[in-house]
Each structure stands twice: as structure tokens, then as C-alpha cells.
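Report on one structure; see the data block that follows.
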Amino acid sequence: MNTVNHYTDFANAEKYAKDYHAVISLGHYMHEQYREGKKYLYLSFEDETFHSISVNPQDAKFAPTEGHVRQIIAFIRSLAPTDKLLVHCFAGYSRSPAAVVIAKCERDGKTIHQAREELYDARIPDKLIPKPNDIMLHNYLMIKN
């Protein structure tokens, strides 16, 4: 079964939230009126990648941790198969696509490769070529192995 897992940027998240049962906000909190009656997870971390922390090691303290990924997994596993999930971050380019990859793996049994191939069509309302956060996906693989 393919569940509905979409991602977007912060500017569009509140506009589309009404159509979803669950929302994950990564780094940018969704106002209460838009998440009312929904399953909701907010995690505060920045869009740090292996490249960004190699350039500036101080930024590692803001990077997504294994604990963040475990929270995402637990939230995803708490959803009913029919729950539509919307994930957003600021730009809808790195953190939220990585979370949708994790959702597709957890909810639909996809491999990371299969889930990444489906990302382009999972972005609403406009399409762009995402670059899923490599630290989040690395942490997910470390947890799964």
C-alpha cells in the first residue's frame, strides 16, 4: 500500500495542512490554528549537512541527531495507514524530503533508493529536485542496521 506522504516549504505548509491528518514541522513551528486536531511533531534542528559541518565544525551542534530521527520514526509508526502526512521545513528542499524518504521506507516498505526516486512527485504545490539531508538519512541507516 502506498500511503500519502508529501512535503513542502514553510510558506505553503499552513495553506495545505487542512488536507492532512498529521504534520511534521522541522525547524519552523506551525501556528496552532493550522495544526488543530492533527497529529503533530515539531523538531528544532537546522539544515546542517556533512559538507556544512566539514566547513564549519561548530555548526555540528545544530545538525539533525540520531535522536531526532528516532522521534520521526516513532511519530511515523504511530500513524494509521490511512493518515495523510505533510512534512515541512523552511525551504522544502533538504530536511522535509529526508523525512519523507524515512516515511516511505517505514510506511510503504520502500528502500531508500526507491523512496528517493519518488520525491519529485511528493513535493507540493510546485516541483523541484530535492536534496534530502544526508545526515538525516545517514542516521536513519545507522538506526536500521
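Letters A, B, ... mark the chains of the C-alpha cells in the order given; residue numbers begin at 1 per chain; ligand numbers begin at 1, in order shown.
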Can I get the residues of region 51-143 of chain A within 9 Å of region 11-19 of chain A, each with the closest pair of atoms and their distance in Å to one decimal, using only C-alpha atoms, sorted chain first then ascending number, as JSON lines?
{"residue": "A:Lys84", "atom": "CA", "partner": "A:Asp19", "partner_atom": "CA", "distance": 7.9}
{"residue": "A:Leu86", "atom": "CA", "partner": "A:Ala17", "partner_atom": "CA", "distance": 7.0}
{"residue": "A:Val87", "atom": "CA", "partner": "A:Ala13", "partner_atom": "CA", "distance": 8.0}
{"residue": "A:His88", "atom": "CA", "partner": "A:Ala13", "partner_atom": "CA", "distance": 6.2}
{"residue": "A:Cys89", "atom": "CA", "partner": "A:Ala13", "partner_atom": "CA", "distance": 8.6}
{"residue": "A:Phe90", "atom": "CA", "partner": "A:Ala11", "partner_atom": "CA", "distance": 7.7}
{"residue": "A:Ala91", "atom": "CA", "partner": "A:Ala11", "partner_atom": "CA", "distance": 8.3}
{"residue": "A:Ile124", "atom": "CA", "partner": "A:Asn12", "partner_atom": "CA", "distance": 8.2}
{"residue": "A:Pro125", "atom": "CA", "partner": "A:Asn12", "partner_atom": "CA", "distance": 7.8}
Item checked: Long-range neighbours of Ile112 (chain A) as a PyMOL selection string, 10 Å cut-off, only C-alpha atoms, 3 positions minimum in chain -> chain A and resi 98+101-102+104-105+109+115-117+137+140-141
Notebook entry, point to check: Contacts of Arg70 (chain A) at 12 Å or less, counting only C-alpha atoms, minus same-chain residues fewer than 5 places along, as a PyMOL selection string?
Noted result: chain A and resi 43+64-65+75-77+99+102-103+106+136-137+139-144
Next item on the list: Would you mind telling me which residue in A:Leu128, A:Val55, A:Ala80, A:Leu41 lies nearest to Asp9 (chain A) when using only C-alpha atoms?
Entry: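 Closest candidate: A:Leu128.
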Check: Nearest to Val100 (chain A) among A:Asn2, A:Phe62, A:Tyr7, A:Met30, with distances taken over only C-alpha atoms: which residue is it?
Finding: A:Tyr7
Notebook entry, point to check: Quick one: residues within 10 Å of Ala60 (chain A), only C-alpha atoms counted, chain neighbours fewer than 4 positions away excluded, as an NGL selection string?
Noted result: :A and (46 or 48-50 or 52-54 or 56 or 64-65)
Those selected residues, please, written with C-alpha atoms and delivered as a CSV table (one decimal), in the first residue's frame.
chain,number,residue,atom,x,y,z
A,46,GLU,CA,19.0,23.3,11.3
A,48,GLU,CA,23.3,21.1,8.5
A,49,THR,CA,24.9,18.6,6.2
A,50,PHE,CA,28.2,16.6,6.3
A,52,SER,CA,28.4,22.3,6.1
A,53,ILE,CA,29.9,20.8,9.3
A,54,SER,CA,33.2,20.0,7.5
A,56,ASN,CA,32.4,24.9,10.0
A,64,PRO,CA,19.9,16.6,13.0
A,65,THR,CA,20.8,13.9,15.5
